[in-house]
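Engineer: Contents are mmCIF, C-alpha atoms and all ligand atoms; file name data.cif:
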data_structure
loop_
_atom_site.label_atom_id
_atom_site.label_comp_id
_atom_site.auth_asym_id
_atom_site.auth_seq_id
_atom_site.Cartn_x
_atom_site.Cartn_y
_atom_site.Cartn_z
CA MET A 1000 -21.28 -2.26 55.83
CA GLU A 1001 -20.33 -5.43 57.65
CA ASN A 1002 -16.74 -5.84 58.79
CA THR A 1003 -16.09 -8.66 56.34
CA GLU A 1004 -17.91 -6.97 53.47
CA TYR A 1005 -15.20 -4.37 52.65
CA LYS A 1006 -12.51 -7.00 53.07
CA ASN A 1007 -14.24 -9.19 50.48
CA LEU A 1008 -14.67 -6.23 48.12
CA ILE A 1009 -10.94 -5.47 48.25
CA GLN A 1010 -9.95 -9.11 48.00
CA GLU A 1011 -12.17 -9.78 44.99
CA ALA A 1012 -10.77 -6.85 42.97
CA ASP A 1013 -8.55 -8.80 40.57
CA THR A 1014 -7.45 -5.86 38.40
CA ILE A 1015 -6.10 -2.43 39.30
CA GLU A 1016 -9.17 -0.87 37.61
CA LYS A 1017 -11.55 -2.89 39.80
CA LEU A 1018 -9.53 -1.95 42.86
CA HIS A 1019 -9.85 1.76 41.97
CA LYS A 1020 -13.63 1.34 41.75
CA VAL A 1021 -13.74 -0.41 45.16
CA LYS A 1022 -11.56 2.35 46.60
CA ALA A 1023 -14.00 5.04 45.33
CA GLN A 1024 -16.94 3.04 46.69
CA LEU A 1025 -15.35 2.70 50.13
CA ASN A 1026 -14.35 6.39 50.21
CA ALA A 1027 -17.97 7.32 49.49
CA PHE A 1028 -19.08 4.96 52.26
CA LEU A 1029 -16.62 6.49 54.75
CA GLY A 1030 -17.62 10.02 53.68
CA GLN A 1031 -21.24 9.23 54.36
CA LYS A 1032 -20.38 7.80 57.80
CA MET A 1033 -18.47 10.99 58.65
CA GLN A 1034 -21.52 13.09 57.75
CA GLU A 1035 -23.74 10.91 59.92
CA LEU A 1036 -21.24 11.28 62.76
CA ALA A 1037 -21.33 15.07 62.50
CA ALA A 1038 -25.00 15.00 63.51
CA LYS A 1039 -24.33 13.02 66.69
CA ASN A 1040 -23.65 14.30 70.23
CA ILE A 1041 -20.22 14.63 71.79
CA GLU A 1042 -20.25 11.33 73.64
CA GLU A 1043 -21.32 9.35 70.54
CA LYS A 1044 -18.78 11.26 68.45
CA LYS A 1045 -15.98 10.17 70.80
CA ILE A 1046 -16.83 6.46 70.68
CA GLU A 1047 -18.01 6.13 67.09
CA GLY A 1048 -15.41 8.57 65.80
CA ARG A 1049 -12.61 6.35 67.08
CA LYS A 1050 -14.23 3.26 65.53
CA LEU A 1051 -14.69 5.05 62.22
CA ASN A 1052 -11.07 6.15 62.26
CA GLU A 1053 -9.90 2.58 62.87
CA LEU A 1054 -12.09 1.35 60.03
CA LYS A 1055 -10.71 4.04 57.72
CA ASN A 1056 -7.10 3.12 58.63
CA GLU A 1057 -7.82 -0.55 58.10
CA ILE A 1058 -9.41 0.04 54.67
CA THR A 1059 -6.54 2.34 53.59
CA LYS A 1060 -4.00 -0.28 54.67
CA LEU A 1061 -5.73 -3.13 52.79
CA ILE A 1062 -6.08 -1.06 49.64
CA LYS A 1063 -2.43 0.00 49.78
CA GLU A 1064 -1.30 -3.62 50.14
CA LYS A 1065 -3.38 -4.65 47.14
CA GLU A 1066 -2.11 -1.71 45.06
CA ASP A 1067 1.46 -2.76 45.88
CA GLN A 1068 0.69 -6.28 44.70
CA PHE A 1069 -0.45 -4.97 41.32
CA SER A 1070 2.51 -2.64 40.86
CA GLN A 1071 4.87 -5.55 41.62
CA ILE A 1072 3.36 -7.51 38.77
CA HIS A 1073 4.18 -4.67 36.38
CA THR A 1074 7.65 -3.82 37.57
CA LYS A 1075 8.75 -7.39 38.19
CA ARG A 1076 12.42 -7.63 37.24
CA ILE A 1077 13.51 -10.03 34.54
CA ASP A 1078 16.10 -12.55 35.70
CA TYR A 1079 18.58 -12.64 32.82
CA THR A 1080 20.26 -15.72 34.22
CA LEU A 1081 17.14 -17.80 33.50
CA PRO A 1082 16.69 -19.41 30.07
CA LEU A 1083 14.61 -17.37 27.61
CA PRO A 1084 11.00 -18.41 27.16
CA PHE A 1085 10.86 -20.34 23.90
CA PRO A 1086 9.42 -18.11 21.14
CA LYS A 1087 5.87 -19.20 20.40
CA SER A 1088 6.08 -19.04 16.63
CA GLY A 1089 9.75 -20.01 16.18
CA LYS A 1090 12.25 -17.99 14.18
CA LYS A 1091 14.07 -18.76 10.97
CA HIS A 1092 17.85 -18.78 11.01
CA ILE A 1093 19.48 -16.07 8.86
CA PHE A 1094 20.98 -18.91 6.90
CA THR A 1095 17.60 -20.53 6.12
CA GLU A 1096 16.11 -17.16 5.18
CA SER A 1097 19.02 -16.45 2.85
CA VAL A 1098 18.81 -19.82 1.10
CA GLU A 1099 15.05 -19.41 0.67
CA LEU A 1100 15.58 -15.96 -0.83
CA LEU A 1101 18.28 -17.24 -3.22
CA ASN A 1102 16.02 -20.12 -4.30
CA LYS A 1103 13.37 -17.54 -5.20
CA ILE A 1104 15.84 -15.31 -7.07
CA PHE A 1105 17.33 -18.17 -9.10
CA LYS A 1106 13.91 -19.56 -9.96
CA ASN A 1107 12.80 -16.09 -11.12
CA MET A 1108 15.78 -16.11 -13.50
CA GLY A 1109 14.64 -19.47 -14.90
CA PHE A 1110 17.25 -21.59 -13.11
CA GLN A 1111 16.47 -25.11 -11.96
CA GLU A 1112 17.84 -26.37 -8.66
CA VAL A 1113 20.35 -29.23 -8.63
CA VAL A 1114 21.48 -31.08 -5.54
CA GLY A 1115 24.77 -32.94 -5.30
CA PRO A 1116 26.04 -35.31 -2.60
CA ASP A 1117 28.34 -34.17 0.22
CA ILE A 1118 30.40 -37.35 -0.28
CA GLU A 1119 31.51 -36.93 -3.87
CA LYS A 1120 33.66 -38.90 -6.26
CA ILE A 1121 37.19 -37.56 -6.58
CA HIS A 1122 36.55 -37.87 -10.29
CA TYR A 1123 33.81 -35.19 -10.25
CA ASN A 1124 35.38 -32.98 -7.61
CA PHE A 1125 38.83 -32.81 -9.25
CA ASP A 1126 39.64 -34.97 -12.32
CA VAL A 1127 36.95 -33.77 -14.73
CA LEU A 1128 37.50 -30.17 -13.61
CA ASN A 1129 41.09 -30.17 -14.89
CA MET A 1130 42.54 -30.53 -11.41
CA PRO A 1131 44.98 -33.42 -11.90
CA ALA A 1132 46.57 -35.63 -9.22
CA ASP A 1133 49.33 -33.11 -8.50
CA HIS A 1134 46.98 -30.13 -8.07
CA PRO A 1135 47.65 -28.43 -4.70
CA ALA A 1136 43.94 -28.43 -3.73
CA ARG A 1137 44.06 -32.23 -3.70
CA ASP A 1138 46.54 -32.28 -0.83
CA ASN A 1139 45.46 -34.05 2.37
CA ASN A 1140 46.05 -30.75 4.17
CA ASP A 1141 43.16 -29.22 2.27
CA THR A 1142 40.84 -32.16 1.68
CA PHE A 1143 38.99 -34.81 3.68
CA TYR A 1144 39.25 -38.12 1.84
CA MET A 1145 36.80 -40.93 2.63
CA ASN A 1146 38.75 -43.55 0.64
CA ASP A 1147 40.65 -43.81 -2.66
CA GLU A 1148 37.63 -42.77 -4.69
CA GLU A 1149 35.55 -40.46 -2.55
CA LEU A 1150 35.95 -37.29 -0.52
CA LEU A 1151 33.88 -34.68 1.28
CA ARG A 1152 33.46 -32.36 -1.68
CA THR A 1153 35.64 -29.28 -1.62
CA GLN A 1154 33.56 -27.29 -4.14
CA VAL A 1155 29.97 -27.30 -5.42
CA THR A 1156 31.53 -27.00 -8.89
CA ALA A 1157 31.64 -30.81 -8.52
CA ILE A 1158 28.06 -30.87 -9.84
CA GLN A 1159 29.06 -29.13 -13.07
CA VAL A 1160 30.02 -32.10 -15.25
CA LYS A 1161 27.24 -34.29 -13.85
CA VAL A 1162 24.70 -31.64 -14.83
CA LEU A 1163 26.17 -31.20 -18.31
CA GLU A 1164 26.34 -35.00 -18.82
CA SER A 1165 22.72 -35.54 -17.85
CA MET A 1166 21.30 -32.54 -19.75
CA LYS A 1167 18.17 -33.53 -21.66
CA MET A 1168 17.16 -30.16 -23.14
CA PRO A 1169 19.24 -28.12 -25.62
CA THR A 1170 19.69 -25.28 -23.10
CA LEU A 1171 20.41 -25.20 -19.41
CA ARG A 1172 20.16 -22.85 -16.45
CA ALA A 1173 20.99 -24.66 -13.23
CA TYR A 1174 22.17 -23.72 -9.75
CA SER A 1175 23.14 -25.52 -6.59
CA ILE A 1176 23.60 -24.35 -3.01
CA GLY A 1177 25.34 -26.75 -0.68
CA GLN A 1178 27.96 -27.60 1.86
CA VAL A 1179 31.63 -28.01 1.05
CA TYR A 1180 34.47 -29.17 3.26
CA ARG A 1181 38.06 -28.04 3.62
CA ASN A 1182 40.69 -29.22 6.05
CA ASP A 1183 40.82 -25.78 7.73
CA LYS A 1184 40.90 -24.62 11.35
CA ASN A 1185 37.73 -22.85 12.49
CA ASP A 1186 38.16 -19.13 13.15
CA ALA A 1187 36.47 -15.80 12.36
CA THR A 1188 36.94 -16.26 8.61
CA HIS A 1189 37.47 -20.02 8.17
CA SER A 1190 35.41 -23.12 8.77
CA CYS A 1191 36.04 -26.76 7.91
CA MET A 1192 32.49 -26.77 6.53
CA PHE A 1193 30.87 -23.89 4.66
CA ASN A 1194 28.45 -23.35 1.79
CA GLN A 1195 28.81 -22.39 -1.82
CA ILE A 1196 26.48 -21.26 -4.58
CA GLU A 1197 27.22 -22.54 -8.08
CA GLY A 1198 25.45 -21.45 -11.26
CA ILE A 1199 25.69 -22.91 -14.78
CA ILE A 1200 24.24 -21.54 -18.02
CA LEU A 1201 24.37 -23.18 -21.44
CA GLU A 1202 22.49 -21.20 -24.06
CA PRO A 1203 23.29 -20.20 -27.63
CA GLY A 1204 24.40 -16.59 -27.87
CA VAL A 1205 25.13 -16.13 -24.17
CA THR A 1206 28.17 -13.94 -23.44
CA MET A 1207 30.21 -12.77 -20.43
CA GLN A 1208 28.02 -9.68 -20.54
CA HIS A 1209 24.96 -11.85 -19.78
CA LEU A 1210 26.87 -13.65 -17.05
CA LYS A 1211 27.63 -10.30 -15.45
CA GLY A 1212 23.96 -9.38 -15.77
CA PHE A 1213 22.87 -12.62 -14.03
CA ILE A 1214 25.29 -12.04 -11.16
CA GLU A 1215 24.27 -8.39 -10.82
CA TYR A 1216 20.57 -9.30 -10.75
CA MET A 1217 21.19 -12.03 -8.18
CA LEU A 1218 23.19 -9.73 -5.89
CA GLU A 1219 20.77 -6.83 -6.23
CA ASN A 1220 17.88 -9.04 -5.18
CA PHE A 1221 19.82 -10.76 -2.44
CA PHE A 1222 21.15 -7.55 -0.88
CA GLU A 1223 17.94 -5.64 -1.68
CA LYS A 1224 20.01 -2.77 -3.08
CA LYS A 1225 22.04 -1.97 -6.20
CA VAL A 1226 25.47 -3.60 -6.17
CA LYS A 1227 28.15 -2.39 -8.58
CA ILE A 1228 30.36 -5.30 -9.69
CA SER A 1229 33.37 -5.76 -11.93
CA PHE A 1230 35.22 -8.76 -13.41
CA LYS A 1231 38.99 -9.11 -13.08
CA PRO A 1232 40.88 -11.71 -15.15
CA SER A 1233 41.98 -14.67 -13.02
CA PHE A 1234 42.60 -18.40 -13.23
CA PHE A 1235 40.41 -21.41 -12.46
CA PRO A 1236 41.25 -24.76 -14.09
CA PHE A 1237 37.66 -25.35 -15.20
CA THR A 1238 36.95 -22.02 -16.93
CA GLU A 1239 38.70 -20.20 -19.78
CA PRO A 1240 38.70 -17.23 -19.60
CA SER A 1241 38.23 -17.00 -15.83
CA CYS A 1242 37.38 -13.95 -13.76
CA GLU A 1243 37.13 -12.95 -10.16
CA VAL A 1244 33.98 -11.04 -9.28
CA PHE A 1245 34.37 -7.85 -7.25
CA ALA A 1246 31.69 -5.78 -5.54
CA TYR A 1247 32.35 -2.22 -4.31
CA ALA A 1248 31.72 -1.37 -0.69
CA LYS A 1249 32.63 1.16 2.03
CA SER A 1250 32.53 0.87 5.81
CA HIS A 1251 29.55 2.65 7.33
CA ASN A 1252 28.22 2.23 10.90
CA ASP A 1253 30.63 -0.66 11.49
CA LYS A 1254 29.25 -2.47 8.44
CA LEU A 1255 30.20 -2.59 4.78
CA GLU A 1256 27.71 -0.81 2.53
CA PHE A 1257 27.72 -1.24 -1.24
CA CYS A 1258 28.45 1.94 -3.17
CA GLU A 1259 29.87 2.97 -6.55
CA ASP A 1260 32.98 4.60 -5.06
CA GLY A 1261 33.74 1.85 -2.51
CA GLU A 1262 36.75 -0.46 -2.28
CA PRO A 1263 36.72 -3.61 -4.47
CA LEU A 1264 35.81 -6.73 -2.52
CA GLU A 1265 36.26 -10.21 -3.97
CA ILE A 1266 32.99 -12.15 -3.76
CA GLY A 1267 33.40 -15.06 -6.18
CA GLY A 1268 34.65 -16.49 -9.43
CA CYS A 1269 33.21 -17.10 -12.87
CA GLY A 1270 34.07 -17.81 -16.47
CA ILE A 1271 33.34 -19.69 -19.67
CA ILE A 1272 33.41 -23.44 -19.04
CA HIS A 1273 36.69 -24.85 -20.37
CA PRO A 1274 36.40 -26.39 -23.90
CA SER A 1275 38.03 -29.63 -22.67
CA ILE A 1276 35.21 -30.04 -20.12
CA LEU A 1277 32.51 -29.40 -22.72
CA GLU A 1278 34.16 -31.91 -25.03
CA ARG A 1279 34.17 -34.49 -22.21
CA CYS A 1280 30.40 -34.00 -21.93
CA ASN A 1281 29.78 -34.19 -25.70
CA LYS A 1282 29.09 -30.45 -25.91
CA LYS A 1283 32.03 -29.60 -28.12
CA ASN A 1284 30.43 -26.80 -30.10
CA GLU A 1285 28.46 -25.28 -27.26
CA GLN A 1286 29.29 -22.35 -25.02
CA ALA A 1287 28.55 -22.54 -21.30
CA PHE A 1288 29.19 -20.29 -18.31
CA ALA A 1289 29.67 -20.93 -14.62
CA PHE A 1290 29.95 -18.87 -11.50
CA GLY A 1291 30.59 -19.68 -7.85
CA MET A 1292 30.36 -17.81 -4.58
CA GLY A 1293 30.72 -18.45 -0.87
CA LEU A 1294 27.29 -18.21 0.74
CA GLU A 1295 28.52 -17.30 4.23
CA ARG A 1296 30.58 -14.45 2.75
CA LEU A 1297 27.47 -12.95 1.16
CA ILE A 1298 25.41 -13.38 4.34
CA MET A 1299 28.14 -11.80 6.48
CA LEU A 1300 28.26 -8.82 4.11
CA LYS A 1301 24.50 -8.41 4.10
CA TYR A 1302 24.05 -8.46 7.87
CA GLY A 1303 27.38 -6.96 8.95
CA ILE A 1304 28.52 -10.17 10.67
CA LYS A 1305 32.25 -10.11 11.32
CA ASN A 1306 32.77 -13.57 12.78
CA LEU A 1307 31.81 -16.52 10.60
CA GLN A 1308 31.30 -18.73 13.66
CA ILE A 1309 28.22 -16.67 14.69
CA LEU A 1310 26.37 -18.24 11.78
CA TYR A 1311 26.93 -21.74 13.17
CA LYS A 1312 25.91 -20.98 16.77
CA ASN A 1313 22.11 -20.94 16.47
CA HIS A 1314 21.77 -18.19 19.05
CA ILE A 1315 18.26 -16.84 18.52
CA GLN A 1316 18.82 -13.40 20.09
CA GLU A 1317 22.05 -12.88 18.18
CA MET A 1318 20.33 -13.87 14.91
CA GLU A 1319 17.47 -11.45 15.57
CA TYR A 1320 19.97 -8.67 16.30
CA TYR A 1321 21.79 -9.24 13.01
CA LYS A 1322 18.54 -9.54 11.06
CA GLN A 1323 17.84 -5.88 11.88
CA ARG A 1324 21.21 -4.82 10.50
CA LYS A 1325 20.60 -5.78 6.88
N1 LIG B 1 34.89 -23.61 -7.23
C1 LIG B 1 35.56 -22.36 -6.98
C2 LIG B 1 36.08 -22.35 -5.55
O1 LIG B 1 35.73 -23.21 -4.77
C3 LIG B 1 34.61 -21.19 -7.20
C4 LIG B 1 34.31 -20.99 -8.66
C5 LIG B 1 35.14 -20.17 -9.41
C6 LIG B 1 33.23 -21.58 -9.26
C7 LIG B 1 34.90 -19.98 -10.76
C8 LIG B 1 32.95 -21.38 -10.62
C9 LIG B 1 33.82 -20.56 -11.36
O2 LIG B 1 31.93 -21.93 -11.25
O3 LIG B 1 33.57 -20.37 -12.67
O4 LIG B 1 36.82 -21.47 -5.22
#
Please rewrite the model in this file as structure tokens.
Ligand code: DAH
Structural biologist:
Amino acid sequence: MENTEYKNLIQEADTIEKLHKVKAQLNAFLGQKMQELAAKNIEEKKIEGRKLNELKNEITKLIKEKEDQFSQIHTKRIDYTLPLPFPKSGKKHIFTESVELLNKIFKNMGFQEVVGPDIEKIHYNFDVLNMPADHPARDNNDTFYMNDEELLRTQVTAIQVKVLESMKMPTLRAYSIGQVYRNDKNDATHSCMFNQIEGIILEPGVTMQHLKGFIEYMLENFFEKKVKISFKPSFFPFTEPSCEVFAYAKSHNDKLEFCEDGEPLEIGGCGIIHPSILERCNKKNEQAFAFGMGLERLIMLKYGIKNLQILYKNHIQEMEYYKQRK
């Protein structure tokens, strides 16, 4: 074997497997040379033996260097201070996934989607919902006004009368998911912008029992587990009677888990749409139901997120961590 020949062989081995093959080949070559040497006389053994030893040391050294190169590739440390490589396929935000799931659930229940504007008329956000000029929610401290007639809507319930006014069919199942705005400081449980889910049903013969069934079905499909709920009498100006909706949950592994014997947890409001509102929409003799929930609240419960602000940060790794916790 020429001097350069073994060097080329080692150099050209571009995988650890190829290098192992070259190593075996060179060992066989050296073994054969040793045998040949054994047949020689003392003088030749002295001279050629030294040369063979040098060659063997050189080959061993080159192979070791190359093996080290390969092992460095595999044990290369990750520098956590560098930005993450951008994920090839992209990832959906927990928020997007949740809205997509809710869209599916509502559509399965025969609900049509309704979208309302973020800048809403004060008329639809307050007046028609029995929240007169002196209602505390209309205070500047709680509401962002654009001008004398418009505001950043404070509740998705603002779509309610519009939907009832524009109803073309005798029955209605509609829902809306959208942003609402409150003049609040951002912290772990508050945000000046958050999202609400609103549902409306107008159908002959529908009762509070059905309303409870709709909410139960929605929650069961959203949380992918059975959720026991109960209604507690309450007050909202736009429904009569009104109820708060409670789900039962217990803390488990630093996360609330729904269970029959858990503590009651308020997750939304509902009720029969107030007769004065139905009359305003020419639906005097009809019966309609509405329910509303905070979307972030549901998402935080599902994924065990304790700080609301996490949902607004768009941190991919954090999102992926919480996705596993559902
Ligand atoms: N709009 C209410 C809020 O922002 C939530 C709500 C309660 C909606 C009762 C409803 C309802 O439709 O019936 O707190």
Engineer: List the spatial neighbours of Ile1176 (chain A) as number ranges by chain - criterion: any atom at most 9 Å away, all atoms listed in the file, same-chain residues fewer than 2 positions off excluded.
Structural biologist: A: 1098, 1101-1102, 1112-1115, 1155, 1174, 1178, 1194-1198, 1294
Engineer: Counting only C-alpha atoms, what are the residues of region 1102-1133 of chain A within 12 Å of region 1238-1245 of chain A, and for each of them which pair of atoms is the nearest and at what distance in Å, to one decimal? Sort the table by chain and rising number, as a tab-separated table.
Structural biologist:
residue	atom	partner	partner_atom	distance
A:Val1127	CA	A:Thr1238	CA	12.0
A:Leu1128	CA	A:Thr1238	CA	8.8
A:Asn1129	CA	A:Thr1238	CA	9.4
A:Met1130	CA	A:Thr1238	CA	11.6
Engineer: For the residues in that selection, give me C-alpha atoms as a PDB file, in the frame of the given file.
Structural biologist:
ATOM      1  CA  VAL A1127      36.950 -33.770 -14.730  1.00  0.00           C
ATOM      2  CA  LEU A1128      37.500 -30.170 -13.610  1.00  0.00           C
ATOM      3  CA  ASN A1129      41.090 -30.170 -14.890  1.00  0.00           C
ATOM      4  CA  MET A1130      42.540 -30.530 -11.410  1.00  0.00           C
TER       5      MET A1130
END
Engineer: Just the number, please: distance in Å from CA of Lys1254 (chain A) to CA of Gly1177 (chain A), one decimal.
Structural biologist: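 Computing it gives 26.2 Å between the two atoms.
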Engineer: Compile a residue-level contact table for chain A against ligand LIG 1 (chain B) at a cut-off of 7 Å, reporting for every qualifying residue the shortest atom pair and its distance in Å to one decimal, with all atoms listed in the file counted, rows ordered by chain and ascending number, as a tab-separated table.
Structural biologist:
residue	atom	partner	partner_atom	distance
A:Thr1153	CA	B:LIG1	O1	6.8
A:Gln1154	CA	B:LIG1	O1	4.7
A:Val1155	CA	B:LIG1	N1	6.4
A:Thr1156	CA	B:LIG1	N1	5.1
A:Glu1197	CA	B:LIG1	O2	5.7
A:Gly1198	CA	B:LIG1	O2	6.5
A:Phe1235	CA	B:LIG1	C7	5.9
A:Phe1237	CA	B:LIG1	O3	6.9
A:Thr1238	CA	B:LIG1	O3	5.7
A:Ser1241	CA	B:LIG1	O3	6.6
A:Gly1267	CA	B:LIG1	C5	6.3
A:Gly1268	CA	B:LIG1	C5	3.7
A:Cys1269	CA	B:LIG1	O3	3.3
A:Gly1270	CA	B:LIG1	O3	4.6
A:Ala1289	CA	B:LIG1	O2	4.2
A:Phe1290	CA	B:LIG1	O2	3.7
A:Gly1291	CA	B:LIG1	C6	3.5
A:Met1292	CA	B:LIG1	C3	6.0
Engineer: Can I get the selected residues back with C-alpha atoms, as a CSV table (one decimal), in the frame of the given file?
Structural biologist:
chain,number,residue,atom,x,y,z
A,1153,THR,CA,35.6,-29.3,-1.6
A,1154,GLN,CA,33.6,-27.3,-4.1
A,1155,VAL,CA,30.0,-27.3,-5.4
A,1156,THR,CA,31.5,-27.0,-8.9
A,1197,GLU,CA,27.2,-22.5,-8.1
A,1198,GLY,CA,25.4,-21.4,-11.3
A,1235,PHE,CA,40.4,-21.4,-12.5
A,1237,PHE,CA,37.7,-25.4,-15.2
A,1238,THR,CA,37.0,-22.0,-16.9
A,1241,SER,CA,38.2,-17.0,-15.8
A,1267,GLY,CA,33.4,-15.1,-6.2
A,1268,GLY,CA,34.6,-16.5,-9.4
A,1269,CYS,CA,33.2,-17.1,-12.9
A,1270,GLY,CA,34.1,-17.8,-16.5
A,1289,ALA,CA,29.7,-20.9,-14.6
A,1290,PHE,CA,30.0,-18.9,-11.5
A,1291,GLY,CA,30.6,-19.7,-7.8
A,1292,MET,CA,30.4,-17.8,-4.6
Engineer: Taking into account all atoms listed in the file, which residue in the set A:Ile1199, A:Leu1310, A:Leu1151, A:Ile1062 is nearest to Met1166 (chain A)?
Structural biologist: A:Ile1199
Engineer: Closest to Thr1014 (chain A) among A:Arg1324, A:Glu1057, A:Gly1048, A:Glu1066, using only C-alpha atoms?
Structural biologist: A:Glu1066
Engineer: Residues within 10 Å of (37.8, -36.8, 3.8), file coordinates, counting only C-alpha atoms: what are they? Give the list as a ChimeraX atom specification.
Structural biologist: /A:1118-1119,1139,1141-1147,1149-1153,1180-1182
Engineer: Could you tell me which of A:Ile1315, A:Ala1287, A:Leu1008, A:Ala1187 comes closest to Thr1206 (chain A) if we count only C-alpha atoms?
Structural biologist: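 The closest residue to Thr1206 (chain A) is A:Ala1287.
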Engineer: Can you pull out the residues contacting Leu1277 (chain A)? Cut-off 10 Å, using all atoms listed in the file, and skip same-chain residues under 2 positions away; I want them as a list in words.
Structural biologist: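 Here the qualifying residues turn out to be Val1160, Leu1163, Glu1164, Phe1237, Ile1272, His1273, Pro1274, Ser1275, Arg1279, Cys1280, Asn1281, Lys1282, Lys1283, Asn1284, Glu1285, Gln1286 and Ala1287 of chain A.
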Engineer: Which neighbours of Lys1044 (chain A) fall inside 12 Å, counting only C-alpha atoms, when residues of the same chain fewer than 5 positions from it are skipped, and could you give them as a PyMOL selection string?
Structural biologist: chain A and resi 1032-1039+1049-1052
Engineer: How about saving the chosen residues, C-alpha atoms kept, as a compact mmCIF listing (two decimals), in the frame of the given file?
Structural biologist:
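And here is the file that came out, again_37.txt:
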# COMPACT_ATOMS: atom_id res chain seq x y z
CA LYS A 1032 -20.38 7.80 57.80
CA MET A 1033 -18.47 10.99 58.65
CA GLN A 1034 -21.52 13.09 57.75
CA GLU A 1035 -23.74 10.91 59.92
CA LEU A 1036 -21.24 11.28 62.76
CA ALA A 1037 -21.33 15.07 62.50
CA ALA A 1038 -25.00 15.00 63.51
CA LYS A 1039 -24.33 13.02 66.69
CA ARG A 1049 -12.61 6.35 67.08
CA LYS A 1050 -14.23 3.26 65.53
CA LEU A 1051 -14.69 5.05 62.22
CA ASN A 1052 -11.07 6.15 62.26
Engineer: Taking all atoms listed in the file into account, name the residue in A:Lys1065, A:Lys1249, A:Lys1090, A:Lys1184 that is nearest to Asp1013 (chain A).
Structural biologist: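 Selected residue with least distance to Asp1013 (chain A): A:Lys1065.
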Engineer: Could you pull out every residue with an atom within 10 Å of (-8.0, 0.7, 44.2), file coordinates, counting all atoms listed in the file, and send them as a VMD selection string?
Structural biologist: chain A and resid 1009 1012 1014 to 1025 1059 1061 to 1066 1069
Engineer: So what do you get for CA of Asp1138 (chain A) versus CA of Cys1191 (chain A), distance-wise?
Structural biologist: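 Atom-to-atom, CA of Asp1138 (chain A) to CA of Cys1191 (chain A), that is 14.7 Å.
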Engineer: Hey, can you check how far CA of Lys1305 (chain A) sits from CA of His1092 (chain A)?
Structural biologist: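 These two atoms are separated by 16.8 Å.
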Engineer: Quick one: residues within 12 Å of Asp1186 (chain A), only C-alpha atoms, excluding same-chain residues fewer than 2 positions away - as number ranges by chain?
Structural biologist: A: 1183-1184, 1188-1192, 1305-1311
Engineer: Please output region 1311-1320 of chain A, rebuilt to include N, CA, C and O atoms, as an mmCIF file, keeping the file's coordinate frame.
Structural biologist:
data_model
loop_
_atom_site.group_PDB
_atom_site.id
_atom_site.type_symbol
_atom_site.label_atom_id
_atom_site.label_comp_id
_atom_site.auth_asym_id
_atom_site.auth_seq_id
_atom_site.Cartn_x
_atom_site.Cartn_y
_atom_site.Cartn_z
ATOM 1 N N TYR A 1311 27.067 -20.306 12.841
ATOM 2 C CA TYR A 1311 26.930 -21.740 13.170
ATOM 3 C C TYR A 1311 26.468 -21.951 14.607
ATOM 4 O O TYR A 1311 26.367 -23.079 15.057
ATOM 5 N N LYS A 1312 26.205 -20.831 15.342
ATOM 6 C CA LYS A 1312 25.910 -20.980 16.770
ATOM 7 C C LYS A 1312 24.441 -21.177 17.105
ATOM 8 O O LYS A 1312 24.127 -21.626 18.189
ATOM 9 N N ASN A 1313 23.549 -20.803 16.213
ATOM 10 C CA ASN A 1313 22.110 -20.940 16.470
ATOM 11 C C ASN A 1313 21.638 -20.173 17.687
ATOM 12 O O ASN A 1313 20.798 -20.664 18.444
ATOM 13 N N HIS A 1314 22.187 -18.989 17.908
ATOM 14 C CA HIS A 1314 21.770 -18.190 19.050
ATOM 15 C C HIS A 1314 20.648 -17.261 18.580
ATOM 16 O O HIS A 1314 20.881 -16.323 17.807
ATOM 17 N N ILE A 1315 19.428 -17.536 19.049
ATOM 18 C CA ILE A 1315 18.260 -16.840 18.520
ATOM 19 C C ILE A 1315 18.372 -15.313 18.667
ATOM 20 O O ILE A 1315 18.152 -14.568 17.715
ATOM 21 N N GLN A 1316 18.755 -14.858 19.879
ATOM 22 C CA GLN A 1316 18.820 -13.400 20.090
ATOM 23 C C GLN A 1316 19.848 -12.743 19.176
ATOM 24 O O GLN A 1316 19.612 -11.668 18.623
ATOM 25 N N GLU A 1317 20.988 -13.431 19.026
ATOM 26 C CA GLU A 1317 22.050 -12.880 18.180
ATOM 27 C C GLU A 1317 21.566 -12.792 16.727
ATOM 28 O O GLU A 1317 21.771 -11.798 16.045
ATOM 29 N N MET A 1318 20.871 -13.845 16.270
ATOM 30 C CA MET A 1318 20.330 -13.870 14.910
ATOM 31 C C MET A 1318 19.358 -12.718 14.700
ATOM 32 O O MET A 1318 19.399 -12.028 13.696
ATOM 33 N N GLU A 1319 18.470 -12.514 15.696
ATOM 34 C CA GLU A 1319 17.470 -11.450 15.570
ATOM 35 C C GLU A 1319 18.144 -10.074 15.532
ATOM 36 O O GLU A 1319 17.723 -9.189 14.814
ATOM 37 N N TYR A 1320 19.227 -9.933 16.305
ATOM 38 C CA TYR A 1320 19.970 -8.670 16.300
ATOM 39 C C TYR A 1320 20.540 -8.410 14.908
ATOM 40 O O TYR A 1320 20.384 -7.324 14.355
#
